[in-house]
>>> print(open('protein22.txt').read())   # compact mmCIF, C-alpha atoms and all ligand atoms
# COMPACT_ATOMS: atom_id res chain seq x y z
CA MET A 91 68.08 8.64 -84.91
CA LYS A 92 68.64 9.67 -88.51
CA PRO A 93 65.87 9.04 -91.02
CA SER A 94 66.48 6.08 -93.28
CA VAL A 95 66.95 6.24 -97.03
CA TYR A 96 63.84 4.08 -97.37
CA ASP A 97 61.61 6.68 -95.70
CA LEU A 98 61.60 8.85 -98.83
CA ASN A 99 59.61 8.54 -102.02
CA LEU A 100 61.01 9.89 -105.29
CA GLU A 101 59.18 13.19 -104.80
CA ASP A 102 60.73 13.55 -101.33
CA TRP A 103 64.17 12.95 -102.82
CA GLN A 104 63.47 15.62 -105.41
CA GLU A 105 62.80 18.08 -102.60
CA TRP A 106 65.87 16.96 -100.75
CA VAL A 107 68.25 17.37 -103.68
CA LYS A 108 66.74 20.78 -104.40
CA GLU A 109 67.31 21.88 -100.81
CA ASN A 110 70.86 20.66 -101.14
CA GLY A 111 71.47 22.69 -104.27
CA GLU A 112 71.71 19.74 -106.65
CA SER A 113 70.00 19.10 -109.99
CA SER A 114 66.72 17.26 -109.77
CA PHE A 115 67.91 14.30 -111.86
CA ARG A 116 70.04 13.28 -108.88
CA ALA A 117 66.84 12.24 -107.09
CA GLY A 118 66.12 9.70 -109.81
CA GLN A 119 69.67 8.39 -109.56
CA ILE A 120 69.37 7.89 -105.80
CA PHE A 121 66.00 6.17 -106.19
CA ASP A 122 67.46 3.90 -108.86
CA TRP A 123 70.40 2.89 -106.65
CA LEU A 124 68.01 2.06 -103.83
CA TYR A 125 65.26 0.18 -105.63
CA VAL A 126 66.57 -0.96 -109.02
CA LYS A 127 70.25 -1.63 -108.35
CA ARG A 128 69.50 -2.20 -104.67
CA VAL A 129 72.82 -1.22 -103.15
CA ALA A 130 73.14 -0.98 -99.39
CA ASP A 131 75.99 1.51 -99.17
CA PHE A 132 76.33 5.14 -100.26
CA GLU A 133 79.83 4.49 -101.60
CA GLN A 134 78.40 2.23 -104.27
CA MET A 135 76.34 5.09 -105.72
CA THR A 136 79.19 5.80 -108.09
CA ASN A 137 77.48 8.24 -110.45
CA LEU A 138 76.82 10.69 -107.60
CA PRO A 139 79.41 13.37 -106.82
CA LYS A 140 81.42 12.67 -103.69
CA VAL A 141 79.97 15.70 -101.87
CA LEU A 142 76.48 14.39 -102.40
CA ARG A 143 77.41 10.91 -101.22
CA ASP A 144 78.95 12.44 -98.12
CA ARG A 145 75.90 14.52 -97.45
CA LEU A 146 73.67 11.46 -97.79
CA LYS A 147 75.90 9.61 -95.36
CA GLU A 148 75.69 12.49 -92.87
CA GLN A 149 71.93 12.76 -92.97
CA PHE A 150 70.61 9.25 -93.60
CA GLU A 151 71.18 5.67 -92.71
CA PHE A 152 70.19 2.36 -94.21
CA VAL A 153 67.84 0.17 -92.21
CA THR A 154 69.69 -2.83 -90.91
CA LEU A 155 67.59 -5.94 -90.56
CA THR A 156 69.70 -8.53 -88.81
CA GLU A 157 68.60 -12.05 -89.50
CA VAL A 158 68.30 -13.82 -86.14
CA ALA A 159 66.40 -16.81 -87.39
CA LYS A 160 65.20 -18.28 -90.65
CA TYR A 161 62.71 -21.09 -91.01
CA GLU A 162 62.11 -22.87 -94.29
CA SER A 163 58.94 -24.80 -94.83
CA GLN A 164 58.63 -27.81 -97.08
CA ASP A 165 56.25 -25.85 -99.28
CA GLY A 166 58.89 -23.20 -100.02
CA THR A 167 57.68 -20.61 -97.50
CA VAL A 168 60.57 -18.88 -95.77
CA LYS A 169 59.99 -16.98 -92.56
CA PHE A 170 62.54 -14.55 -91.19
CA LEU A 171 62.90 -13.18 -87.74
CA PHE A 172 64.75 -9.88 -88.11
CA GLU A 173 66.18 -7.74 -85.38
CA LEU A 174 65.93 -3.96 -85.79
CA SER A 175 68.65 -1.55 -84.65
CA ASP A 176 66.92 -1.17 -81.26
CA LYS A 177 66.89 -4.99 -80.85
CA ASN A 178 63.15 -5.31 -81.31
CA ALA A 179 62.24 -8.35 -83.41
CA ILE A 180 59.88 -8.49 -86.38
CA GLU A 181 58.79 -11.18 -88.83
CA THR A 182 58.83 -11.17 -92.62
CA VAL A 183 57.65 -14.06 -94.76
CA ILE A 184 58.37 -14.97 -98.37
CA MET A 185 55.69 -17.25 -99.82
CA LYS A 186 56.29 -19.05 -103.07
CA HIS A 187 53.27 -19.39 -105.35
CA ASN A 188 53.06 -20.71 -108.87
CA TYR A 189 52.60 -17.11 -110.08
CA GLY A 190 55.54 -15.67 -108.16
CA ASN A 191 56.68 -14.63 -104.72
CA SER A 192 54.51 -12.90 -102.22
CA ILE A 193 55.96 -11.05 -99.22
CA CYS A 194 54.16 -10.66 -95.91
CA VAL A 195 55.36 -7.58 -94.04
CA THR A 196 55.18 -6.36 -90.45
CA THR A 197 54.00 -2.81 -89.68
CA GLN A 198 54.36 -2.59 -85.89
CA VAL A 199 56.45 -4.17 -83.15
CA GLY A 200 53.59 -6.03 -81.51
CA CYS A 201 49.98 -4.91 -81.64
CA ARG A 202 47.60 -3.30 -79.18
CA VAL A 203 44.37 -4.54 -80.75
CA GLY A 204 44.27 -7.66 -78.60
CA CYS A 205 42.49 -10.26 -80.77
CA THR A 206 42.09 -13.39 -78.67
CA PHE A 207 43.41 -15.80 -81.30
CA CYS A 208 46.52 -13.86 -82.31
CA ALA A 209 50.13 -14.27 -81.17
CA SER A 210 51.23 -10.82 -82.37
CA THR A 211 49.43 -9.02 -79.59
CA LEU A 212 50.68 -11.15 -76.68
CA GLY A 213 53.16 -8.55 -75.43
CA GLY A 214 51.09 -5.51 -76.44
CA LEU A 215 52.43 -2.79 -78.73
CA LYS A 216 56.09 -1.82 -78.39
CA ARG A 217 56.24 0.76 -81.17
CA ASP A 218 55.26 1.61 -84.73
CA LEU A 219 57.64 0.76 -87.55
CA THR A 220 58.92 3.65 -89.64
CA PRO A 221 58.03 3.62 -93.36
CA GLY A 222 61.66 2.72 -94.05
CA GLU A 223 61.54 -0.28 -91.75
CA ILE A 224 58.55 -1.63 -93.67
CA VAL A 225 60.15 -0.88 -97.04
CA ALA A 226 63.41 -2.52 -95.94
CA GLN A 227 61.63 -5.84 -95.47
CA VAL A 228 60.64 -5.92 -99.13
CA VAL A 229 64.04 -4.70 -100.36
CA LYS A 230 65.72 -7.40 -98.28
CA ALA A 231 63.38 -10.08 -99.64
CA GLN A 232 63.97 -8.87 -103.20
CA LYS A 233 67.73 -8.99 -102.70
CA LEU A 234 67.45 -12.59 -101.53
CA LEU A 235 65.31 -13.39 -104.56
CA ASP A 236 67.79 -11.63 -106.87
CA ASP A 237 70.16 -14.56 -106.32
CA LYS A 238 67.57 -16.82 -107.94
CA ASN A 239 66.60 -14.29 -110.60
CA GLU A 240 63.13 -14.04 -109.09
CA ARG A 241 60.95 -11.09 -108.25
CA VAL A 242 58.68 -9.96 -105.47
CA SER A 243 55.40 -10.08 -107.36
CA SER A 244 52.95 -9.34 -104.58
CA ILE A 245 52.82 -7.97 -101.06
CA VAL A 246 50.42 -8.65 -98.21
CA ILE A 247 50.41 -6.35 -95.20
CA MET A 248 49.46 -9.16 -92.87
CA GLY A 249 52.50 -9.55 -90.66
CA ILE A 250 52.72 -8.36 -87.07
CA GLY A 251 50.75 -5.22 -86.26
CA GLU A 252 47.68 -3.28 -87.29
CA PRO A 253 48.60 -1.24 -90.40
CA PHE A 254 45.65 1.11 -89.94
CA GLU A 255 46.98 2.09 -86.51
CA ASN A 256 50.26 3.03 -88.19
CA TYR A 257 48.42 4.64 -91.05
CA ASP A 258 50.81 7.29 -92.36
CA ALA A 259 53.80 4.96 -92.41
CA THR A 260 51.73 2.32 -94.20
CA MET A 261 50.59 4.80 -96.87
CA LYS A 262 54.15 6.00 -97.39
CA PHE A 263 55.26 2.39 -97.71
CA LEU A 264 52.56 1.70 -100.30
CA ARG A 265 53.47 4.74 -102.38
CA ILE A 266 57.15 3.77 -102.41
CA MET A 267 56.32 0.17 -103.39
CA ILE A 268 54.12 1.13 -106.34
CA HIS A 269 56.39 3.83 -107.73
CA PRO A 270 57.07 2.99 -111.40
CA LYS A 271 60.69 4.11 -111.07
CA GLY A 272 61.29 1.87 -108.06
CA LEU A 273 60.23 -1.69 -107.31
CA ASN A 274 57.10 -0.97 -109.32
CA ILE A 275 54.83 -3.52 -107.64
CA GLY A 276 51.37 -3.51 -109.23
CA GLN A 277 48.78 -1.94 -106.93
CA ARG A 278 46.38 -4.80 -107.54
CA HIS A 279 49.09 -7.15 -106.28
CA ILE A 280 49.17 -5.52 -102.87
CA THR A 281 46.72 -6.22 -100.05
CA VAL A 282 46.40 -4.36 -96.80
CA SER A 283 44.56 -6.14 -94.00
CA THR A 284 42.87 -4.44 -91.07
CA SER A 285 41.00 -5.58 -87.99
CA GLY A 286 38.48 -2.81 -88.66
CA ILE A 287 39.84 0.60 -87.62
CA VAL A 288 36.81 2.44 -89.01
CA PRO A 289 38.18 6.01 -89.43
CA SER A 290 41.19 4.63 -91.31
CA ILE A 291 38.91 2.68 -93.66
CA TYR A 292 37.27 5.98 -94.66
CA ARG A 293 40.66 7.61 -95.13
CA PHE A 294 41.88 4.68 -97.18
CA ALA A 295 38.80 4.80 -99.42
CA ASP A 296 39.71 8.40 -100.26
CA GLU A 297 43.39 7.71 -101.04
CA ASN A 298 42.71 7.04 -104.70
CA LEU A 299 44.71 3.84 -104.63
CA GLN A 300 43.98 0.53 -106.31
CA VAL A 301 45.49 -1.53 -103.52
CA ASN A 302 43.28 -4.37 -102.23
CA LEU A 303 41.60 -4.12 -98.86
CA ALA A 304 41.04 -7.10 -96.58
CA ILE A 305 38.94 -6.89 -93.43
CA SER A 306 39.46 -9.39 -90.63
CA ILE A 307 35.83 -10.03 -89.79
CA HIS A 308 35.98 -13.43 -88.03
CA ALA A 309 32.42 -13.22 -86.66
CA PRO A 310 29.00 -12.30 -88.08
CA ASN A 311 27.65 -10.16 -85.21
CA ASP A 312 28.59 -7.75 -82.44
CA GLU A 313 28.36 -10.15 -79.56
CA LEU A 314 30.72 -12.78 -80.89
CA ARG A 315 33.03 -10.33 -82.62
CA SER A 316 33.50 -8.33 -79.42
CA LYS A 317 34.51 -11.53 -77.64
CA LEU A 318 37.12 -12.41 -80.25
CA MET A 319 38.23 -8.91 -81.20
CA PRO A 320 38.06 -6.17 -78.55
CA VAL A 321 38.40 -3.63 -81.38
CA ASN A 322 34.73 -4.32 -82.08
CA ARG A 323 33.84 -2.47 -78.89
CA ARG A 324 35.65 0.60 -80.17
CA PHE A 325 34.20 0.32 -83.66
CA PRO A 326 30.95 -1.69 -83.57
CA PHE A 327 29.90 -4.08 -86.30
CA ALA A 328 27.30 -1.77 -87.87
CA ASP A 329 29.87 1.06 -88.15
CA LEU A 330 32.34 -1.31 -89.76
CA VAL A 331 29.73 -2.44 -92.28
CA GLU A 332 28.93 1.23 -93.08
CA ALA A 333 32.62 1.99 -93.62
CA CYS A 334 32.96 -1.04 -95.92
CA LYS A 335 29.96 0.08 -97.95
CA TYR A 336 31.47 3.54 -98.28
CA TYR A 337 34.75 2.01 -99.46
CA ILE A 338 33.01 -0.13 -102.07
CA ALA A 339 30.89 2.76 -103.34
CA LYS A 340 33.84 5.14 -103.46
CA THR A 341 36.40 2.82 -105.07
CA GLY A 342 34.26 0.34 -106.98
CA ARG A 343 36.56 -2.33 -105.57
CA ARG A 344 35.60 -5.50 -103.76
CA ILE A 345 36.64 -6.27 -100.21
CA THR A 346 38.05 -9.57 -99.03
CA PHE A 347 36.73 -10.64 -95.65
CA GLU A 348 39.00 -12.88 -93.64
CA TYR A 349 37.30 -15.39 -91.43
CA ALA A 350 39.46 -17.64 -89.24
CA LEU A 351 37.42 -20.67 -88.31
CA MET A 352 37.70 -21.63 -84.65
CA GLY A 353 36.22 -24.95 -83.62
CA GLY A 354 32.85 -24.58 -81.88
CA VAL A 355 33.26 -20.80 -81.62
CA ASN A 356 32.38 -19.18 -84.94
CA ASP A 357 32.20 -22.10 -87.36
CA GLN A 358 28.59 -23.29 -87.14
CA GLN A 359 26.00 -23.28 -89.92
CA GLU A 360 24.12 -20.43 -88.21
CA HIS A 361 27.27 -18.28 -88.23
CA ALA A 362 27.67 -18.86 -91.96
CA GLU A 363 24.04 -17.92 -92.56
CA GLU A 364 24.33 -14.75 -90.52
CA LEU A 365 27.56 -13.80 -92.29
CA ALA A 366 25.88 -14.37 -95.65
CA ARG A 367 23.08 -12.00 -94.66
CA VAL A 368 25.56 -9.28 -93.68
CA LEU A 369 27.72 -9.65 -96.77
CA LYS A 370 24.84 -9.80 -99.22
CA GLU A 371 24.50 -6.05 -98.67
CA MET A 372 28.03 -5.58 -99.95
CA PRO A 373 28.37 -6.31 -103.64
CA LEU A 374 31.33 -8.39 -104.87
CA SER A 375 32.36 -9.49 -101.38
CA HIS A 376 34.82 -12.30 -101.18
CA VAL A 377 35.37 -14.45 -98.10
CA ASN A 378 38.67 -16.06 -97.29
CA LEU A 379 38.13 -18.94 -94.86
CA ILE A 380 41.24 -19.60 -92.78
CA PRO A 381 41.65 -22.68 -90.62
CA VAL A 382 42.84 -21.06 -87.37
CA ASN A 383 46.52 -21.45 -86.69
CA PHE A 384 47.21 -22.98 -83.37
CA VAL A 385 48.80 -20.59 -80.88
CA VAL A 386 49.77 -22.26 -77.61
CA GLU A 387 48.69 -19.32 -75.45
CA ARG A 388 45.36 -19.13 -77.28
CA ASN A 389 44.21 -22.71 -77.42
CA PHE A 390 41.55 -22.58 -80.13
CA THR A 391 40.88 -25.83 -81.91
CA ARG A 392 40.50 -26.29 -85.61
CA THR A 393 37.31 -26.79 -87.53
CA PRO A 394 37.16 -30.24 -89.19
CA ARG A 395 37.61 -30.10 -92.97
CA GLU A 396 34.09 -31.22 -93.76
CA ASP A 397 32.68 -28.42 -91.60
CA ILE A 398 34.85 -25.88 -93.41
CA PHE A 399 33.37 -27.10 -96.70
CA ALA A 400 29.88 -26.91 -95.23
CA PHE A 401 30.51 -23.30 -94.13
CA GLN A 402 31.74 -22.48 -97.62
CA ARG A 403 28.66 -24.06 -99.20
CA VAL A 404 26.31 -21.91 -97.12
CA LEU A 405 28.06 -18.76 -98.34
CA GLU A 406 28.12 -19.89 -101.93
CA LYS A 407 24.43 -20.74 -101.83
CA SER A 408 23.91 -17.04 -101.09
CA LYS A 409 26.13 -16.23 -104.09
CA ILE A 410 29.01 -15.11 -101.91
CA ASN A 411 32.32 -16.12 -103.29
CA ALA A 412 34.31 -18.02 -100.64
CA THR A 413 37.70 -19.66 -100.85
CA ILE A 414 39.57 -21.73 -98.30
CA ARG A 415 43.05 -20.38 -97.73
CA ARG A 416 45.78 -22.74 -98.73
CA GLU A 417 47.90 -23.12 -95.69
CA GLN A 418 51.49 -22.18 -96.02
CA GLY A 419 54.27 -22.84 -93.64
CA SER A 420 52.17 -24.25 -90.84
CA ASP A 421 55.10 -26.55 -90.04
CA ILE A 422 57.22 -23.48 -89.24
CA ALA A 423 54.72 -21.55 -87.12
CA ALA A 424 54.05 -19.12 -89.95
CA ALA A 425 51.03 -17.61 -88.22
CA CYS A 426 52.02 -14.03 -87.65
CA GLY A 427 53.66 -13.24 -84.39
CA GLN A 428 54.39 -16.79 -83.36
CA LEU A 429 58.12 -16.69 -83.99
CA ARG A 430 58.51 -13.34 -82.30
CA ALA A 431 56.50 -14.57 -79.31
CA LYS A 432 58.82 -17.55 -78.96
CA HIS A 433 61.87 -15.35 -79.43
CA MET A 434 60.72 -13.02 -76.62
CA GLU A 435 60.19 -15.99 -74.32
CA ARG A 436 63.73 -17.16 -74.94
CA LYS A 437 65.12 -13.69 -74.26
CA GLN A 438 63.39 -13.38 -70.89
N1 LIG B 1 46.29 -6.53 -87.97
C1 LIG B 1 45.80 -6.82 -89.26
C2 LIG B 1 46.82 -7.48 -90.16
C3 LIG B 1 47.73 -8.52 -89.57
S1 LIG B 1 47.00 -10.04 -89.07
C4 LIG B 1 44.55 -7.67 -89.16
O1 LIG B 1 44.24 -8.14 -88.09
O2 LIG B 1 43.88 -7.81 -90.18
C5 LIG B 1 46.74 -10.91 -90.60
C6 LIG B 1 45.60 -11.91 -90.55
O3 LIG B 1 45.93 -13.05 -89.74
C7 LIG B 1 44.32 -11.33 -89.95
O4 LIG B 1 43.20 -11.69 -90.73
C8 LIG B 1 44.28 -12.00 -88.60
O5 LIG B 1 42.99 -12.00 -88.08
C9 LIG B 1 44.82 -13.37 -88.93
N2 LIG B 1 45.25 -14.15 -87.78
C10 LIG B 1 45.84 -13.75 -86.63
N3 LIG B 1 46.08 -14.79 -85.81
C11 LIG B 1 45.62 -15.90 -86.44
C12 LIG B 1 45.58 -17.28 -86.12
N4 LIG B 1 46.04 -17.76 -84.95
N5 LIG B 1 45.04 -18.12 -87.02
C13 LIG B 1 44.58 -17.67 -88.21
N6 LIG B 1 44.60 -16.38 -88.58
C14 LIG B 1 45.11 -15.50 -87.70
FE1 LIG B 2 46.63 -7.15 -84.10
FE2 LIG B 2 45.76 -8.20 -86.42
FE3 LIG B 2 46.69 -9.75 -84.42
FE4 LIG B 2 44.35 -8.54 -84.16
S1 LIG B 2 44.89 -10.12 -85.66
S2 LIG B 2 45.96 -8.65 -82.59
S3 LIG B 2 44.79 -6.63 -85.20
S4 LIG B 2 47.85 -8.29 -85.59
>>> encode(input="protein22.txt", output="structure tokens")
Amino acid sequence: MKPSVYDLNLEDWQEWVKENGESSFRAGQIFDWLYVKRVADFEQMTNLPKVLRDRLKEQFEFVTLTEVAKYESQDGTVKFLFELSDKNAIETVIMKHNYGNSICVTTQVGCRVGCTFCASTLGGLKRDLTPGEIVAQVVKAQKLLDDKNERVSSIVIMGIGEPFENYDATMKFLRIMIHPKGLNIGQRHITVSTSGIVPSIYRFADENLQVNLAISIHAPNDELRSKLMPVNRRFPFADLVEACKYYIAKTGRRITFEYALMGGVNDQQEHAEELARVLKEMPLSHVNLIPVNFVVERNFTRTPREDIFAFQRVLEKSKINATIRREQGSDIAAACGQLRAKHMERKQ
């Protein structure tokens, strides 16, 4: 398979044009066609000499994301099921907020982490996405928004897959997204979410990026977390907490902790108190309480609203900032991996 045009950052293009005996300003032109003018065909890159266009065509391809399904929620959330060239399916979501559009991207076909509440991991991991396949999701979303004169204003890496198990591709993706000569998405408007791959958290802390980090914590101690998230046996709670502290000390940035409330499992007062004790050691922590999305195969029930508020109050009493995630697209199975899971069932 040829590499895709979206695998390369501007600096990589500069190398490529140099190797191909062209002036370095050609790299900027290519980057501009891809991310500012957003063409999907080498022939449209009209200010490039024909030989260069031909060479591009020989060596690269565009990523084709074939729309196999599109679900529109009443709240404006649009979820796409895209097929890749090898027929694997991924999900990309566009969420409309009052401040702009946020895109949720997929980083892997499936996931091997095995969290018990998650639909993305039901069929295991098929393969990693290439950087270009992650980039293409945002370019595609931006092209759709172009018709309405709107912009992708933020990105969450919270689709299918564990980004920190596809680390290099995710970092390449981030660097392409934030490039000032490309889509130029503000670093502070990007969030990467991980289930707690400890070595990658250390690496990420040292990247010198201002991208937000979210940790899917979901439980306040080893015993419960290991039940819900097998990754906790690989990287125990105390090691995760250490890595988070390192990240905060190194970057001076806060971490958002995601906590999906599952009825009778992790949503009691004592869980909130224990979580508060853990997070008090981490300055600026923010907790995002998520009412668990129902996944047929998983069968967790939801925490009643008043109990969610009670959980939030316990955290706030300990001066830990906690918000309840506004649900988007629950009428279209927007929880990551659900559409793909259904699609795979139909194909079998
Ligand atoms: N693999 C990464 C990022 C993708 S999942 C991670 O786990 O962080 C994005 C978020 O959705 C995570 O916080 C994950 O725990 C959460 N999630 C998965 N299944 C869910 C469900 N059924 N209900 C609510 N949140 C869920
Ligand atoms: Fe993978 Fe994240 Fe789902 Fe866990 S929650 S199985 S890490 S996608």
>>> closest_atom_pairs(input="protein22.txt", of="chain A", to="ligand LIG 2 (chain B)", cutoff="8 Å", atoms="only C-alpha atoms and all ligand atoms", output="Markdown table")
| residue | atom | partner | partner_atom | distance |
| --- | --- | --- | --- | --- |
| A:Gly200 | CA | B:LIG2 | S4 | 7.4 |
| A:Cys201 | CA | B:LIG2 | FE1 | 4.7 |
| A:Arg202 | CA | B:LIG2 | FE1 | 6.3 |
| A:Val203 | CA | B:LIG2 | S2 | 4.8 |
| A:Gly204 | CA | B:LIG2 | S2 | 4.4 |
| A:Cys205 | CA | B:LIG2 | FE4 | 4.2 |
| A:Thr206 | CA | B:LIG2 | S2 | 7.3 |
| A:Phe207 | CA | B:LIG2 | S1 | 7.3 |
| A:Cys208 | CA | B:LIG2 | FE3 | 4.6 |
| A:Ala209 | CA | B:LIG2 | FE3 | 6.5 |
| A:Ser210 | CA | B:LIG2 | FE3 | 5.1 |
| A:Thr211 | CA | B:LIG2 | S2 | 4.6 |
| A:Leu212 | CA | B:LIG2 | S2 | 8.0 |
| A:Met248 | CA | B:LIG2 | FE2 | 7.5 |
| A:Gly249 | CA | B:LIG2 | S4 | 7.0 |
| A:Ile250 | CA | B:LIG2 | S4 | 5.1 |
| A:Gly251 | CA | B:LIG2 | S4 | 4.3 |
| A:Glu252 | CA | B:LIG2 | S3 | 4.9 |
| A:Ser283 | CA | B:LIG2 | FE2 | 7.9 |
| A:Thr284 | CA | B:LIG2 | S3 | 6.6 |
| A:Ser285 | CA | B:LIG2 | S3 | 4.8 |
| A:Ser306 | CA | B:LIG2 | S1 | 7.4 |
| A:Met319 | CA | B:LIG2 | FE4 | 6.8 |
| A:Cys426 | CA | B:LIG2 | S4 | 7.4 |
| A:Gly427 | CA | B:LIG2 | S4 | 7.7 |
>>> write_last_selection(input="protein22.txt", atoms="C-alpha atoms", output="PDB file, in the coordinates of the input")
ATOM      1  CA  GLY A 200      53.590  -6.030 -81.510  1.00  0.00           C
ATOM      2  CA  CYS A 201      49.980  -4.910 -81.640  1.00  0.00           C
ATOM      3  CA  ARG A 202      47.600  -3.300 -79.180  1.00  0.00           C
ATOM      4  CA  VAL A 203      44.370  -4.540 -80.750  1.00  0.00           C
ATOM      5  CA  GLY A 204      44.270  -7.660 -78.600  1.00  0.00           C
ATOM      6  CA  CYS A 205      42.490 -10.260 -80.770  1.00  0.00           C
ATOM      7  CA  THR A 206      42.090 -13.390 -78.670  1.00  0.00           C
ATOM      8  CA  PHE A 207      43.410 -15.800 -81.300  1.00  0.00           C
ATOM      9  CA  CYS A 208      46.520 -13.860 -82.310  1.00  0.00           C
ATOM     10  CA  ALA A 209      50.130 -14.270 -81.170  1.00  0.00           C
ATOM     11  CA  SER A 210      51.230 -10.820 -82.370  1.00  0.00           C
ATOM     12  CA  THR A 211      49.430  -9.020 -79.590  1.00  0.00           C
ATOM     13  CA  LEU A 212      50.680 -11.150 -76.680  1.00  0.00           C
ATOM     14  CA  MET A 248      49.460  -9.160 -92.870  1.00  0.00           C
ATOM     15  CA  GLY A 249      52.500  -9.550 -90.660  1.00  0.00           C
ATOM     16  CA  ILE A 250      52.720  -8.360 -87.070  1.00  0.00           C
ATOM     17  CA  GLY A 251      50.750  -5.220 -86.260  1.00  0.00           C
ATOM     18  CA  GLU A 252      47.680  -3.280 -87.290  1.00  0.00           C
ATOM     19  CA  SER A 283      44.560  -6.140 -94.000  1.00  0.00           C
ATOM     20  CA  THR A 284      42.870  -4.440 -91.070  1.00  0.00           C
ATOM     21  CA  SER A 285      41.000  -5.580 -87.990  1.00  0.00           C
ATOM     22  CA  SER A 306      39.460  -9.390 -90.630  1.00  0.00           C
ATOM     23  CA  MET A 319      38.230  -8.910 -81.200  1.00  0.00           C
ATOM     24  CA  CYS A 426      52.020 -14.030 -87.650  1.00  0.00           C
ATOM     25  CA  GLY A 427      53.660 -13.240 -84.390  1.00  0.00           C
TER      26      GLY A 427
END
>>> atom_distance(input="protein22.txt", atom1="CA of Met352 (chain A)", atom2="CA of Pro381 (chain A)")
7.2 Å
>>> atom_distance(input="protein22.txt", atom1="CA of His361 (chain A)", atom2="CA of Phe401 (chain A)")
8.4 Å
>>> closest_residue(input="protein22.txt", among="A:Gln428, A:Ser244, A:Asn378, A:Thr393", to="Gly354 (chain A)", atoms="all atoms listed in the file")
A:Thr393
>>> closest_residue(input="protein22.txt", among="A:Glu297, A:Arg145, A:Tyr96, A:Val288", to="Glu109 (chain A)", atoms="all atoms listed in the file")
A:Arg145
>>> closest_residue(input="protein22.txt", among="A:Ser163, A:Ser408, A:Thr136, A:Gln149", to="Trp106 (chain A)", atoms="all atoms listed in the file")
A:Gln149
>>> closest_residue(input="protein22.txt", among="A:Asn110, A:Leu365, A:Arg430, A:Arg388", to="Lys169 (chain A)", atoms="all atoms listed in the file")
A:Arg430
>>> closest_residue(input="protein22.txt", among="A:Leu374, A:Ile410, A:Ala400, A:Ile247", to="ligand LIG 1 (chain B)", atoms="only C-alpha atoms and all ligand atoms")
A:Ile247
>>> axis_aligned_box(input="protein22.txt", around="ligand LIG 1 (chain B)", padding_each_side="8 Å", output="JSON")
{"center_x": 45.4, "center_y": -12.3, "center_z": -87.8, "size_x": 20.7, "size_y": 27.6, "size_z": 21.8}
>>> residues_near_point(input="protein22.txt", point="(29.3, -19.5, -91.4)", cutoff="8 Å", atoms="all atoms listed in the file", output="PyMOL selection string")
chain A and resi 310+356-366+401-402+404-405
>>> closest_residue(input="protein22.txt", among="A:Gly118, A:Gly222, A:Gly214, A:Gly111", to="Leu98 (chain A)", atoms="only C-alpha atoms")
A:Gly222
>>> atom_distance(input="protein22.txt", atom1="CA of Asp165 (chain A)", atom2="CA of Lys233 (chain A)")
20.7 Å
>>> residues_around(input="protein22.txt", residues="Asn256 (chain A)", least_positions_apart="3", cutoff="10 Å", atoms="all atoms listed in the file", output="list in words")
Thr197, Gln198, Arg217, Asp218, Leu219, Thr220, Pro221, Gly251, Glu252, Pro253, Ala259, Thr260, Met261 and Ser290 of chain A
>>> write_last_selection(input="protein22.txt", atoms="C-alpha atoms", output="tab-separated table (two decimals), keeping the file's coordinate frame")
chain	number	residue	atom	x	y	z
A	197	THR	CA	54.00	-2.81	-89.68
A	198	GLN	CA	54.36	-2.59	-85.89
A	217	ARG	CA	56.24	0.76	-81.17
A	218	ASP	CA	55.26	1.61	-84.73
A	219	LEU	CA	57.64	0.76	-87.55
A	220	THR	CA	58.92	3.65	-89.64
A	221	PRO	CA	58.03	3.62	-93.36
A	251	GLY	CA	50.75	-5.22	-86.26
A	252	GLU	CA	47.68	-3.28	-87.29
A	253	PRO	CA	48.60	-1.24	-90.40
A	259	ALA	CA	53.80	4.96	-92.41
A	260	THR	CA	51.73	2.32	-94.20
A	261	MET	CA	50.59	4.80	-96.87
A	290	SER	CA	41.19	4.63	-91.31
